[in-house]
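Coordinates as given in coords-v1.tsv (TSV, C-alpha atoms):
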chain	number	residue	atom	x	y	z
A	1	MET	CA	-165.87	94.43	80.43
A	2	THR	CA	-169.18	96.25	80.81
A	3	PRO	CA	-171.29	96.98	77.75
A	4	GLN	CA	-170.37	100.63	78.05
A	5	GLU	CA	-166.67	99.77	77.95
A	6	ILE	CA	-167.20	97.56	74.93
A	7	PHE	CA	-168.85	100.33	72.96
A	8	ASP	CA	-166.27	102.91	74.10
A	9	SER	CA	-163.42	100.66	73.01
A	10	LEU	CA	-165.18	100.05	69.69
A	11	GLY	CA	-165.39	103.80	69.25
A	12	GLN	CA	-161.68	104.17	70.04
A	13	ALA	CA	-160.67	101.42	67.65
A	14	PHE	CA	-162.75	102.56	64.71
A	15	GLY	CA	-163.47	106.23	65.36
A	16	GLU	CA	-164.77	107.82	62.19
A	17	LYS	CA	-165.91	104.53	60.71
A	18	LEU	CA	-168.73	104.26	63.24
A	19	GLN	CA	-171.28	106.92	62.35
A	20	ASP	CA	-174.29	108.14	64.26
A	21	ARG	CA	-174.54	105.91	67.27
A	22	THR	CA	-178.09	105.57	68.61
A	23	GLU	CA	-179.28	104.00	71.82
A	24	PHE	CA	-182.74	102.57	72.21
A	25	ARG	CA	-183.80	100.53	75.22
A	26	GLY	CA	-180.25	99.56	75.98
A	27	GLU	CA	-179.43	98.48	72.47
A	28	THR	CA	-176.78	100.27	70.49
A	29	THR	CA	-176.89	100.86	66.76
A	30	TYR	CA	-174.09	102.08	64.52
A	31	SER	CA	-174.20	103.09	60.90
A	32	ILE	CA	-171.19	101.92	58.99
A	33	ALA	CA	-169.88	102.01	55.44
A	34	ALA	CA	-170.28	98.85	53.39
A	35	SER	CA	-166.53	98.76	52.74
A	36	ASP	CA	-165.77	98.54	56.49
A	37	LEU	CA	-168.16	95.68	57.16
A	38	ARG	CA	-165.77	92.73	57.19
A	39	GLU	CA	-163.09	94.48	59.20
A	40	LEU	CA	-165.62	95.55	61.81
A	41	ALA	CA	-167.35	92.18	61.86
A	42	LYS	CA	-164.11	90.31	62.47
A	43	PHE	CA	-163.14	92.73	65.24
A	44	CYS	CA	-166.55	92.46	66.89
A	45	ARG	CA	-166.42	88.68	66.86
A	46	ASP	CA	-162.76	88.06	67.80
A	47	ASP	CA	-161.91	90.97	70.09
A	48	ARG	CA	-165.27	92.03	71.50
A	49	SER	CA	-166.90	88.59	71.77
A	50	PHE	CA	-169.96	89.28	69.63
A	51	ASP	CA	-170.04	85.59	68.90
A	52	TYR	CA	-173.69	85.30	67.89
A	53	LEU	CA	-175.24	86.74	64.76
A	54	LEU	CA	-178.95	86.92	65.59
A	55	ASP	CA	-180.25	88.05	62.24
A	56	ILE	CA	-179.57	89.94	59.04
A	57	THR	CA	-182.41	91.97	57.62
A	58	SER	CA	-182.77	94.30	54.69
A	59	ILE	CA	-184.94	97.33	53.99
A	60	ASP	CA	-185.96	98.78	50.65
A	61	ASN	CA	-186.14	102.58	51.01
A	62	PHE	CA	-187.67	102.91	47.55
A	63	GLY	CA	-187.19	106.40	46.12
A	64	GLU	CA	-184.22	107.23	48.33
A	65	GLU	CA	-180.58	106.97	47.48
A	66	PRO	CA	-178.88	104.71	48.46
A	67	ARG	CA	-181.90	102.49	48.13
A	68	PHE	CA	-181.19	99.43	50.26
A	69	GLU	CA	-180.27	99.10	53.90
A	70	ILE	CA	-178.86	95.97	55.52
A	71	ILE	CA	-178.94	95.50	59.26
A	72	TYR	CA	-176.82	93.04	61.24
A	73	HIS	CA	-178.05	92.10	64.70
A	74	LEU	CA	-175.17	90.89	66.87
A	75	TYR	CA	-175.28	89.48	70.36
A	76	SER	CA	-172.51	88.80	72.80
A	77	MET	CA	-173.08	85.64	74.82
A	78	PRO	CA	-170.44	86.41	77.49
A	79	HIS	CA	-171.60	90.00	78.03
A	80	GLY	CA	-175.29	89.70	77.25
A	81	THR	CA	-175.15	92.73	74.98
A	82	HIS	CA	-176.78	93.57	71.70
A	83	LEU	CA	-175.10	95.48	68.90
A	84	ARG	CA	-176.71	96.52	65.66
A	85	LEU	CA	-174.79	97.50	62.55
A	86	LYS	CA	-176.54	99.25	59.66
A	87	LEU	CA	-175.19	99.90	56.23
A	88	ARG	CA	-176.57	101.32	53.02
A	89	VAL	CA	-176.23	99.89	49.53
A	90	SER	CA	-177.21	101.67	46.36
A	91	GLU	CA	-179.11	99.85	43.64
A	92	ASP	CA	-176.25	100.35	41.15
A	93	VAL	CA	-173.73	98.60	43.41
A	94	GLY	CA	-176.26	96.05	44.64
A	95	ALA	CA	-173.70	93.93	46.47
A	96	VAL	CA	-172.12	93.66	49.91
A	97	ASP	CA	-169.25	91.52	51.19
A	98	THR	CA	-170.37	88.29	52.78
A	99	VAL	CA	-169.94	87.60	56.49
A	100	SER	CA	-170.79	83.91	56.12
A	101	ASP	CA	-167.16	82.93	56.81
A	102	ILE	CA	-167.20	85.00	60.01
A	103	TRP	CA	-170.57	83.77	61.30
A	104	PRO	CA	-171.61	80.59	59.42
A	105	THR	CA	-175.27	81.28	60.17
A	106	ALA	CA	-175.10	84.24	57.78
A	107	ASP	CA	-175.11	81.78	54.88
A	108	TRP	CA	-178.89	81.31	54.73
A	109	HIS	CA	-179.70	84.83	55.93
A	110	GLU	CA	-177.76	86.23	53.00
A	111	ARG	CA	-179.41	83.81	50.62
A	112	GLU	CA	-182.81	85.00	51.82
A	113	ILE	CA	-181.88	88.64	51.31
A	114	TYR	CA	-180.63	87.80	47.84
A	115	ASP	CA	-183.86	85.93	47.10
A	116	MET	CA	-186.27	88.55	48.40
A	117	MET	CA	-184.38	91.82	47.78
A	118	GLY	CA	-181.93	91.01	45.02
A	119	ILE	CA	-178.84	92.21	46.89
A	120	LYS	CA	-175.81	90.10	46.08
A	121	PHE	CA	-173.13	89.04	48.55
A	122	ASN	CA	-169.52	89.03	47.34
A	123	GLY	CA	-167.67	85.89	48.31
A	124	HIS	CA	-170.75	83.92	49.39
A	125	PRO	CA	-170.06	80.20	48.92
A	126	ASP	CA	-173.49	79.25	47.55
A	127	LEU	CA	-175.60	82.25	46.57
A	128	ARG	CA	-178.79	80.61	45.33
A	129	ARG	CA	-182.39	81.52	45.98
A	130	ILE	CA	-183.66	79.97	49.19
A	131	LEU	CA	-187.47	80.38	49.08
A	132	MET	CA	-188.39	80.98	45.45
A	133	TRP	CA	-187.09	78.69	42.72
A	134	ASP	CA	-184.03	79.24	40.56
A	135	GLY	CA	-185.13	81.22	37.55
A	136	TYR	CA	-187.95	83.18	39.23
A	137	PRO	CA	-187.42	86.57	37.61
A	138	PHE	CA	-188.50	88.95	40.39
A	139	PHE	CA	-187.50	90.01	43.90
A	140	PRO	CA	-190.77	89.97	45.84
A	141	LEU	CA	-189.95	92.12	48.88
A	142	ARG	CA	-188.88	95.12	46.85
A	143	LYS	CA	-191.28	98.03	47.20
A	144	ASP	CA	-191.89	98.24	43.46
A	145	PHE	CA	-193.09	94.62	43.36
A	146	PRO	CA	-196.90	94.50	43.60
A	147	LEU	CA	-198.54	92.52	46.41
A	148	ALA	CA	-200.59	90.62	43.85
A	149	GLY	CA	-197.42	89.35	42.20
A	150	LEU	CA	-196.44	89.23	38.55
A	151	PRO	CA	-196.95	86.44	36.04
A	152	SER	CA	-194.02	84.19	35.30
A	153	ASP	CA	-193.53	80.73	33.90
A	154	MET	CA	-190.75	78.20	34.06
A	155	PRO	CA	-191.88	75.05	32.28
A	156	ASP	CA	-191.81	71.96	34.52
A	157	VAL	CA	-190.62	73.99	37.52
A	158	ALA	CA	-193.23	76.53	38.55
A	159	PHE	CA	-195.47	79.29	37.32
A	160	THR	CA	-197.06	82.32	38.96
A	161	LYS	CA	-200.15	84.33	38.16
A	162	ILE	CA	-201.47	87.69	39.30
A	163	THR	CA	-203.56	87.18	42.44
A	164	PRO	CA	-207.01	88.78	42.50
A	165	LEU	CA	-207.09	91.14	45.47
A	166	GLU	CA	-210.57	92.58	45.02
A	167	GLY	CA	-213.55	91.60	47.07
A	168	GLY	CA	-212.26	88.54	48.88
A	169	PRO	CA	-213.23	87.81	52.45
A	170	PHE	CA	-209.71	88.25	53.77
A	171	VAL	CA	-208.78	91.43	51.89
A	172	THR	CA	-208.66	94.61	53.94
A	173	VAL	CA	-210.53	97.65	52.66
A	174	PRO	CA	-208.83	100.96	53.48
A	175	SER	CA	-211.05	102.62	56.04
A	176	THR	CA	-211.00	104.03	59.54
A	177	ALA	CA	-213.71	101.57	60.61
A	178	GLY	CA	-213.00	98.77	63.05
A	179	SER	CA	-211.34	95.56	61.90
A	180	LYS	CA	-214.71	93.78	61.95
A	181	ASP	CA	-215.92	96.05	59.13
A	182	ARG	CA	-212.62	96.34	57.31
A	183	GLU	CA	-212.08	92.58	57.15
A	184	PRO	CA	-215.49	90.87	57.22
A	185	ARG	CA	-215.61	87.10	57.33
A	186	ALA	CA	-217.68	87.07	54.18
A	187	ARG	CA	-218.35	89.65	51.52
A	188	PRO	CA	-221.33	89.64	49.18
A	189	PRO	CA	-220.04	88.84	45.68
A	190	GLU	CA	-221.20	92.12	44.12
A	191	LEU	CA	-218.79	94.13	46.29
B	1	MET	CA	-245.56	20.80	28.60
B	2	PRO	CA	-241.90	21.74	28.55
B	3	GLU	CA	-239.85	21.13	31.62
B	4	THR	CA	-238.33	24.10	33.34
B	5	HIS	CA	-235.21	24.15	35.43
B	6	ALA	CA	-234.63	26.59	38.24
B	7	THR	CA	-231.20	27.99	37.51
B	8	ALA	CA	-230.92	31.17	39.51
B	9	TYR	CA	-232.77	30.21	42.65
B	10	ASP	CA	-231.01	26.96	43.25
B	11	SER	CA	-231.60	25.90	46.83
B	12	LYS	CA	-227.87	25.20	47.22
B	13	ILE	CA	-226.82	28.77	46.51
B	14	GLU	CA	-229.93	30.66	47.49
B	15	GLY	CA	-229.15	33.42	49.97
B	16	ASN	CA	-225.55	33.72	48.78
B	17	VAL	CA	-226.30	35.31	45.43
B	18	ILE	CA	-227.69	38.77	44.82
B	19	PHE	CA	-228.60	40.47	41.61
B	20	THR	CA	-227.46	44.03	41.00
B	21	ARG	CA	-226.01	46.24	38.35
B	22	PHE	CA	-222.29	45.82	37.77
B	23	ASP	CA	-221.80	49.59	38.23
B	24	ALA	CA	-223.53	49.56	41.58
B	25	ALA	CA	-221.39	46.69	42.84
B	26	LEU	CA	-218.19	48.29	41.59
B	27	ASN	CA	-219.08	51.66	43.10
B	28	TRP	CA	-220.02	50.05	46.38
B	29	VAL	CA	-216.59	48.46	46.58
B	30	ARG	CA	-214.81	51.62	45.54
B	31	LYS	CA	-216.56	54.05	47.83
B	32	ASN	CA	-215.97	51.95	50.89
B	33	SER	CA	-212.26	51.53	50.34
B	34	LEU	CA	-211.05	55.01	49.41
B	35	TRP	CA	-207.35	55.04	50.10
B	36	PRO	CA	-206.26	58.63	50.63
B	37	MET	CA	-203.09	60.30	49.45
B	38	PRO	CA	-202.44	62.65	52.37
B	39	MET	CA	-201.16	65.79	50.64
B	40	GLY	CA	-200.50	67.59	53.91
B	41	LEU	CA	-199.06	71.01	53.15
B	42	ALA	CA	-200.01	73.15	56.13
B	43	CYS	CA	-202.10	73.23	59.30
B	44	CYS	CA	-205.01	71.38	57.65
B	45	ALA	CA	-202.76	68.33	57.77
B	46	ILE	CA	-203.01	68.41	61.57
B	47	GLU	CA	-206.79	68.13	61.31
B	48	LEU	CA	-206.32	65.39	58.74
B	49	MET	CA	-204.21	63.50	61.28
B	50	ALA	CA	-206.87	64.08	63.93
B	51	THR	CA	-209.47	62.67	61.53
B	52	ALA	CA	-207.40	59.55	61.13
B	53	ALA	CA	-206.90	59.15	64.87
B	54	SER	CA	-209.18	57.12	67.10
B	55	ARG	CA	-211.56	59.85	68.27
B	56	PHE	CA	-212.92	60.56	64.78
B	57	ASP	CA	-211.68	57.37	63.18
B	58	ILE	CA	-211.74	57.73	59.42
B	59	SER	CA	-211.55	53.94	59.13
B	60	ARG	CA	-215.30	53.83	59.82
B	61	PHE	CA	-215.55	54.91	56.19
B	62	GLY	CA	-212.86	52.62	54.89
B	63	ALA	CA	-210.43	55.46	54.27
B	64	GLU	CA	-207.87	54.78	56.97
B	65	VAL	CA	-205.21	53.41	54.65
B	66	MET	CA	-203.11	56.53	54.16
B	67	ARG	CA	-200.73	55.65	51.35
B	68	PHE	CA	-197.60	57.70	50.94
B	69	SER	CA	-197.09	56.31	47.47
B	70	PRO	CA	-199.39	57.84	44.88
B	71	ARG	CA	-199.54	54.54	42.99
B	72	GLN	CA	-201.67	52.97	45.72
B	73	CYS	CA	-204.10	55.85	46.22
B	74	ASP	CA	-207.66	56.60	45.20
B	75	VAL	CA	-208.33	60.05	46.64
B	76	MET	CA	-205.91	62.91	47.08
B	77	ILE	CA	-206.73	65.06	50.09
B	78	VAL	CA	-205.04	68.39	49.42
B	79	ALA	CA	-204.76	69.66	52.99
B	80	GLY	CA	-203.17	73.06	53.16
B	81	THR	CA	-201.70	76.03	51.34
B	82	VAL	CA	-200.47	75.20	47.86
B	83	THR	CA	-197.57	77.50	47.02
B	84	TYR	CA	-196.53	77.97	43.42
B	85	LYS	CA	-193.28	76.22	44.26
B	86	MET	CA	-195.23	73.13	45.36
B	87	ALA	CA	-198.01	73.34	42.77
B	88	LEU	CA	-196.45	71.32	39.98
B	89	ALA	CA	-195.19	68.73	42.45
B	90	VAL	CA	-198.78	68.23	43.65
B	91	LYS	CA	-199.92	67.90	40.06
B	92	ARG	CA	-197.19	65.38	39.32
B	93	ILE	CA	-198.16	63.24	42.30
B	94	TYR	CA	-201.80	63.40	41.17
B	95	GLU	CA	-200.78	62.25	37.71
B	96	GLN	CA	-198.99	59.26	39.23
B	97	MET	CA	-202.16	58.05	40.93
B	98	PRO	CA	-203.95	55.25	39.06
B	99	GLU	CA	-207.45	55.72	37.69
B	100	PRO	CA	-210.07	56.05	39.02
B	101	LYS	CA	-209.01	58.93	41.22
B	102	TRP	CA	-210.66	61.76	43.08
B	103	VAL	CA	-209.52	64.99	44.76
B	104	ILE	CA	-210.73	66.62	47.96
B	105	ALA	CA	-209.71	70.26	48.44
B	106	MET	CA	-209.58	70.53	52.22
B	107	GLY	CA	-209.87	74.00	53.74
B	108	ALA	CA	-209.86	77.56	52.51
B	109	CYS	CA	-206.32	77.59	51.14
B	110	ALA	CA	-206.59	74.50	48.98
B	111	SER	CA	-210.00	75.63	47.71
B	112	THR	CA	-209.30	79.30	46.94
B	113	GLY	CA	-205.93	80.36	48.29
B	114	GLY	CA	-207.67	81.40	51.51
B	115	MET	CA	-206.14	84.30	53.35
B	116	TYR	CA	-202.98	84.08	51.29
B	117	ARG	CA	-203.73	86.68	48.62
B	118	SER	CA	-200.09	86.73	47.73
B	119	TYR	CA	-197.55	86.40	44.94
B	120	ALA	CA	-196.44	83.02	46.27
B	121	VAL	CA	-199.68	81.07	46.67
B	122	LEU	CA	-201.76	79.27	44.06
B	123	GLN	CA	-205.33	80.56	44.35
B	124	GLY	CA	-207.03	77.19	44.61
B	125	ILE	CA	-205.83	73.73	43.60
B	126	ASP	CA	-208.74	73.53	41.14
B	127	GLN	CA	-206.60	75.58	38.76
B	128	LEU	CA	-204.48	72.46	38.31
B	129	LEU	CA	-206.54	69.42	39.35
B	130	PRO	CA	-210.20	68.44	38.88
B	131	VAL	CA	-211.56	68.83	42.42
B	132	ASP	CA	-214.54	66.66	43.45
B	133	VAL	CA	-215.27	68.00	46.93
B	134	TYR	CA	-214.43	71.35	48.49
B	135	ILE	CA	-214.40	71.60	52.29
B	136	SER	CA	-214.71	75.03	53.89
B	137	GLY	CA	-212.98	75.96	57.11
B	138	CYS	CA	-209.64	77.29	58.22
B	139	PRO	CA	-208.82	74.61	59.09
B	140	PRO	CA	-211.98	72.45	58.82
B	141	ARG	CA	-212.80	70.33	61.83
B	142	PRO	CA	-212.46	66.55	61.47
B	143	GLU	CA	-216.25	66.25	61.24
B	144	ALA	CA	-216.16	68.49	58.19
B	145	LEU	CA	-213.55	66.31	56.53
B	146	LEU	CA	-215.64	63.23	57.28
B	147	ALA	CA	-218.71	64.99	55.84
B	148	GLY	CA	-216.66	65.78	52.73
B	149	LEU	CA	-215.58	62.17	52.47
B	150	MET	CA	-219.21	61.03	52.72
B	151	LYS	CA	-220.18	63.53	50.01
B	152	LEU	CA	-217.48	61.98	47.84
B	153	GLN	CA	-218.87	58.50	48.58
B	154	GLU	CA	-222.28	59.71	47.48
B	155	LYS	CA	-220.79	61.08	44.31
B	156	ILE	CA	-218.94	57.85	43.57
B	157	SER	CA	-222.04	55.73	44.04
B	158	GLY	CA	-223.71	57.62	41.19
B	159	GLU	CA	-220.86	57.28	38.74
B	160	PRO	CA	-221.13	55.12	35.57
B	161	ALA	CA	-218.03	53.26	36.68
B	162	PHE	CA	-218.01	50.51	34.05
B	163	ARG	CA	-218.56	52.91	31.13
B	164	ASP	CA	-215.85	55.26	32.47
B	165	GLN	CA	-213.36	52.49	32.92
B	166	ALA	CA	-213.95	50.34	29.82
B	167	PRO	CA	-215.93	52.39	27.30
B	168	ARG	CA	-215.28	50.08	24.32
B	169	LEU	CA	-216.24	46.96	26.19
B	170	ALA	CA	-219.40	48.67	27.42
B	171	GLU	CA	-220.32	49.62	23.86
B	172	ARG	CA	-219.80	46.11	22.58
B	173	LEU	CA	-221.88	44.66	25.38
B	174	GLU	CA	-224.64	47.11	24.69
B	175	GLU	CA	-224.60	46.20	21.00
B	176	ALA	CA	-224.72	42.53	21.83
B	177	LEU	CA	-227.68	43.01	24.13
B	178	THR	CA	-229.81	45.02	21.69
Show the structure stored in the file as structure tokens.
Amino acid sequence: MTPQEIFDSLGQAFGEKLQDRTEFRGETTYSIAASDLRELAKFCRDDRSFDYLLDITSIDNFGEEPRFEIIYHLYSMPHGTHLRLKLRVSEDVGAVDTVSDIWPTADWHEREIYDMMGIKFNGHPDLRRILMWDGYPFFPLRKDFPLAGLPSDMPDVAFTKITPLEGGPFVTVPSTAGSKDREPRARPPEL
Amino acid sequence: MPETHATAYDSKIEGNVIFTRFDAALNWVRKNSLWPMPMGLACCAIELMATAASRFDISRFGAEVMRFSPRQCDVMIVAGTVTYKMALAVKRIYEQMPEPKWVIAMGACASTGGMYRSYAVLQGIDQLLPVDVYISGCPPRPEALLAGLMKLQEKISGEPAFRDQAPRLAERLEEALT
């Protein structure tokens, strides 16, 4: 089966469920509905040999509706083909079905998305935070979370403070100047 | 004419006895056997390992005995980025070290948070622990760590060790002497 045949047969099998197909540098991307995810994922793995889940990522399109976007990067070992599935989740729903039973590697990827973005995964066997600690009250990769962080405190576990971003040697100043001027190795303290 | 007896400069022990202050002797012993707690948290730990290896040879300063149990350590070398998730663990390990104890903040991250101006990184271990020596660099070269260690040795040799360690005994001795 050539890659072209794979994508054609996917189109035949799912038709309307695969929306706006885009091609970029030989990689195919489909937008799908969140409700079709598991059905499509199982079909891709079992019948079209997309046996390798490279990555799951999420995007916060803050100010748009639906707000979140989740992207599944699939790879077929036998055919050497990439396939990308995108789906949108609104903030009110805030949950997608898990694919961790289809590709076990999704377990930690979904935990990271939950940790950083706050999107839940229905049916996940162990949906805990993976980088921050249990009880940290924020989701740091959301666009409305400030880079400097927010104060929090969990006694005997961890605390956070707001990070000073002004004037440090490694802080970029918005400017059209070269990187040497924007990010000097040292800054006089009065700046 | 009363007879005098030479007590201190007895010919049998002459040459084997020196007079000094107790503090000076104690500090001399302490500063030349600083056992580090290698708190290696990031890339600075690689330089810390290089410092311990034969080319730079930290054992020239008596600090080669890296102890991975805090109960056997004298100086904690915080080498690397201290995240908030790790911060209280570092503090807890410091608290388990027996007195007297010292802290070296090695590199930009441990000293100030370095380039990690971020929600996840503690902006300098001195917010939690009393730091004795800060070492600049990202990461510092082994020479810099050795220079920091020598600075710490200098600092230790000026400390009132006996008074710090046994203040009541020192008071009573002072009273007895005056």
- 9 Å contact set for range 141-146 of chain B, only C-alpha atoms, chain neighbours under 6 positions out, as a ChimeraX atom specification: /B:44,47-52,56,58,61,106-107,135
Kindly export the residues of the current selection with C-alpha atoms, as a CSV table (one decimal), keeping the file's coordinate frame.
chain,number,residue,atom,x,y,z
B,44,CYS,CA,-205.0,71.4,57.6
B,47,GLU,CA,-206.8,68.1,61.3
B,48,LEU,CA,-206.3,65.4,58.7
B,49,MET,CA,-204.2,63.5,61.3
B,50,ALA,CA,-206.9,64.1,63.9
B,51,THR,CA,-209.5,62.7,61.5
B,52,ALA,CA,-207.4,59.6,61.1
B,56,PHE,CA,-212.9,60.6,64.8
B,58,ILE,CA,-211.7,57.7,59.4
B,61,PHE,CA,-215.6,54.9,56.2
B,106,MET,CA,-209.6,70.5,52.2
B,107,GLY,CA,-209.9,74.0,53.7
B,135,ILE,CA,-214.4,71.6,52.3
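Counting all atoms listed in the file, the residue from B:Pro160, B:Pro100, B:Gly113, B:Gly40 that sits nearest to chain A is B:Gly113.
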- Message: Using all atoms listed in the file for the distances, tell me which of A:Ile70, A:Leu85, A:Leu54, A:Ile6 is nearest to Leu18 in chain A.
- Response: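 Using all atoms listed in the file, Leu18 in chain A sits closest to A:Leu85.
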- Query: Restricting the calculation to all atoms listed in the file, which member of B:Arg168, B:Arg117, B:Arg55, B:Lys91 is positioned closest to Val131 in chain B?
  - Reply: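 Smallest distance to Val131 in chain B is found for B:Lys91.
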Per residue of chain A within 8 Å of chain B, what are the shortest atom pair and its distance in Å to one decimal, counting all atoms listed in the file, with rows by chain and residue number, as CSV?
residue,atom,partner,partner_atom,distance
A:Met132,CA,B:Lys85,CA,6.9
A:Trp133,CA,B:Lys85,CA,6.8
A:Pro140,CA,B:Tyr119,CA,7.7
A:Leu147,CA,B:Ser118,CA,6.1
A:Ala148,CA,B:Tyr119,CA,5.3
A:Gly149,CA,B:Tyr119,CA,4.0
A:Leu150,CA,B:Tyr119,CA,7.1
A:Asp156,CA,B:Leu88,CA,7.2
A:Val157,CA,B:Leu88,CA,6.9
A:Ala158,CA,B:Lys85,CA,5.7
A:Phe159,CA,B:Tyr84,CA,6.3
A:Thr160,CA,B:Tyr84,CA,6.3
A:Lys161,CA,B:Tyr119,CA,7.6
A:Ile162,CA,B:Tyr119,CA,7.0
A:Thr163,CA,B:Arg117,CA,6.2
A:Pro164,CA,B:Arg117,CA,7.3
A:Leu165,CA,B:Arg117,CA,6.4
A:Pro169,CA,B:Met115,CA,8.0
A:Phe170,CA,B:Met115,CA,5.3
A:Val171,CA,B:Arg117,CA,7.7
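We find CA of Ala166 in chain B and CA of Glu154 in chain B to be spaced 21.7 Å apart.
Taking all atoms listed in the file into account, Ile71 in chain A lies nearest to A:Tyr30 out of the set A:Phe121, A:Phe43, A:Tyr30, A:Phe50.
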- What's the 12 Å shell around Ile104 in chain B, counting only C-alpha atoms, without same-chain residues fewer than 4 positions away, as a PyMOL selection string? chain B and resi 34+36-40+48+74-80+94+108+110-111+124-126+129-136+144-153
Residues from the last selection, C-alpha atoms, saved as a short mmCIF file (atom, residue, chain, number, x, y, z; two decimals), in the coordinates of the input:
data_model
loop_
_atom_site.label_atom_id
_atom_site.label_comp_id
_atom_site.auth_asym_id
_atom_site.auth_seq_id
_atom_site.Cartn_x
_atom_site.Cartn_y
_atom_site.Cartn_z
CA LEU B 34 -211.05 55.01 49.41
CA PRO B 36 -206.26 58.63 50.63
CA MET B 37 -203.09 60.30 49.45
CA PRO B 38 -202.44 62.65 52.37
CA MET B 39 -201.16 65.79 50.64
CA GLY B 40 -200.50 67.59 53.91
CA LEU B 48 -206.32 65.39 58.74
CA ASP B 74 -207.66 56.60 45.20
CA VAL B 75 -208.33 60.05 46.64
CA MET B 76 -205.91 62.91 47.08
CA ILE B 77 -206.73 65.06 50.09
CA VAL B 78 -205.04 68.39 49.42
CA ALA B 79 -204.76 69.66 52.99
CA GLY B 80 -203.17 73.06 53.16
CA TYR B 94 -201.80 63.40 41.17
CA ALA B 108 -209.86 77.56 52.51
CA ALA B 110 -206.59 74.50 48.98
CA SER B 111 -210.00 75.63 47.71
CA GLY B 124 -207.03 77.19 44.61
CA ILE B 125 -205.83 73.73 43.60
CA ASP B 126 -208.74 73.53 41.14
CA LEU B 129 -206.54 69.42 39.35
CA PRO B 130 -210.20 68.44 38.88
CA VAL B 131 -211.56 68.83 42.42
CA ASP B 132 -214.54 66.66 43.45
CA VAL B 133 -215.27 68.00 46.93
CA TYR B 134 -214.43 71.35 48.49
CA ILE B 135 -214.40 71.60 52.29
CA SER B 136 -214.71 75.03 53.89
CA ALA B 144 -216.16 68.49 58.19
CA LEU B 145 -213.55 66.31 56.53
CA LEU B 146 -215.64 63.23 57.28
CA ALA B 147 -218.71 64.99 55.84
CA GLY B 148 -216.66 65.78 52.73
CA LEU B 149 -215.58 62.17 52.47
CA MET B 150 -219.21 61.03 52.72
CA LYS B 151 -220.18 63.53 50.01
CA LEU B 152 -217.48 61.98 47.84
CA GLN B 153 -218.87 58.50 48.58
#
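Between CA of Gly123 in chain A and CA of Trp108 in chain A there is a distance of 13.7 Å.
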- Query: From the set A:Leu87, A:Leu37, A:Cys44, A:Leu127, which residue has the shortest atom-to-atom contact distance to His109 in chain A, counting only C-alpha atoms?
  - Reply: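 Among A:Leu87, A:Leu37, A:Cys44, A:Leu127, it is A:Leu127 that comes nearest to His109 in chain A.
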- Message: Just the number, please: distance in Å from CA of Glu174 in chain B to CA of Ser157 in chain B, one decimal.
- Response: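 Separating CA of Glu174 in chain B from CA of Ser157 in chain B is a distance of 21.3 Å.
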- Out of A:Arg25, A:Arg182, A:Arg67, A:Arg111, which residue has the shortest atom-to-atom distance to Ser90 in chain A when counting all atoms listed in the file? A:Arg67
- What's the 10 Å shell around Phe62 in chain A, counting all atoms listed in the file, without same-chain residues fewer than 5 positions away, as a list in words? Arg67, Phe68, Glu91, Arg142, Lys143 and Asp144 of chain A
Write the residues of the preceding selection, restricted to C-alpha atoms, as a short mmCIF file (atom, residue, chain, number, x, y, z; two decimals), keeping the file's coordinate frame.
data_model
loop_
_atom_site.label_atom_id
_atom_site.label_comp_id
_atom_site.auth_asym_id
_atom_site.auth_seq_id
_atom_site.Cartn_x
_atom_site.Cartn_y
_atom_site.Cartn_z
CA ARG A 67 -181.90 102.49 48.13
CA PHE A 68 -181.19 99.43 50.26
CA GLU A 91 -179.11 99.85 43.64
CA ARG A 142 -188.88 95.12 46.85
CA LYS A 143 -191.28 98.03 47.20
CA ASP A 144 -191.89 98.24 43.46
#
For range 48-53 of chain A, which lacks atoms in the input, supply N, CA, C and O atoms and format the output as a PDB file, in the frame of the given file.
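The result, stored in rebuild_2.pdb:
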ATOM      1  N   ARG A  48    -164.233  91.508  70.604  1.00  0.00           N
ATOM      2  CA  ARG A  48    -165.270  92.030  71.500  1.00  0.00           C
ATOM      3  C   ARG A  48    -166.356  90.977  71.743  1.00  0.00           C
ATOM      4  O   ARG A  48    -167.444  91.295  72.166  1.00  0.00           O
ATOM      5  N   SER A  49    -166.071  89.755  71.432  1.00  0.00           N
ATOM      6  CA  SER A  49    -166.900  88.590  71.770  1.00  0.00           C
ATOM      7  C   SER A  49    -168.365  88.702  71.341  1.00  0.00           C
ATOM      8  O   SER A  49    -169.252  88.207  72.020  1.00  0.00           O
ATOM      9  N   PHE A  50    -168.607  89.360  70.188  1.00  0.00           N
ATOM     10  CA  PHE A  50    -169.960  89.280  69.630  1.00  0.00           C
ATOM     11  C   PHE A  50    -170.003  87.993  68.799  1.00  0.00           C
ATOM     12  O   PHE A  50    -169.862  87.993  67.584  1.00  0.00           O
ATOM     13  N   ASP A  51    -170.221  86.883  69.526  1.00  0.00           N
ATOM     14  CA  ASP A  51    -170.040  85.590  68.900  1.00  0.00           C
ATOM     15  C   ASP A  51    -171.316  85.076  68.236  1.00  0.00           C
ATOM     16  O   ASP A  51    -171.331  84.011  67.636  1.00  0.00           O
ATOM     17  N   TYR A  52    -172.405  85.822  68.354  1.00  0.00           N
ATOM     18  CA  TYR A  52    -173.690  85.300  67.890  1.00  0.00           C
ATOM     19  C   TYR A  52    -174.328  86.308  66.949  1.00  0.00           C
ATOM     20  O   TYR A  52    -174.613  87.441  67.355  1.00  0.00           O
ATOM     21  N   LEU A  53    -174.524  85.902  65.710  1.00  0.00           N
ATOM     22  CA  LEU A  53    -175.240  86.740  64.760  1.00  0.00           C
ATOM     23  C   LEU A  53    -176.715  86.357  64.815  1.00  0.00           C
ATOM     24  O   LEU A  53    -177.110  85.275  64.385  1.00  0.00           O
TER      25      LEU A  53
END
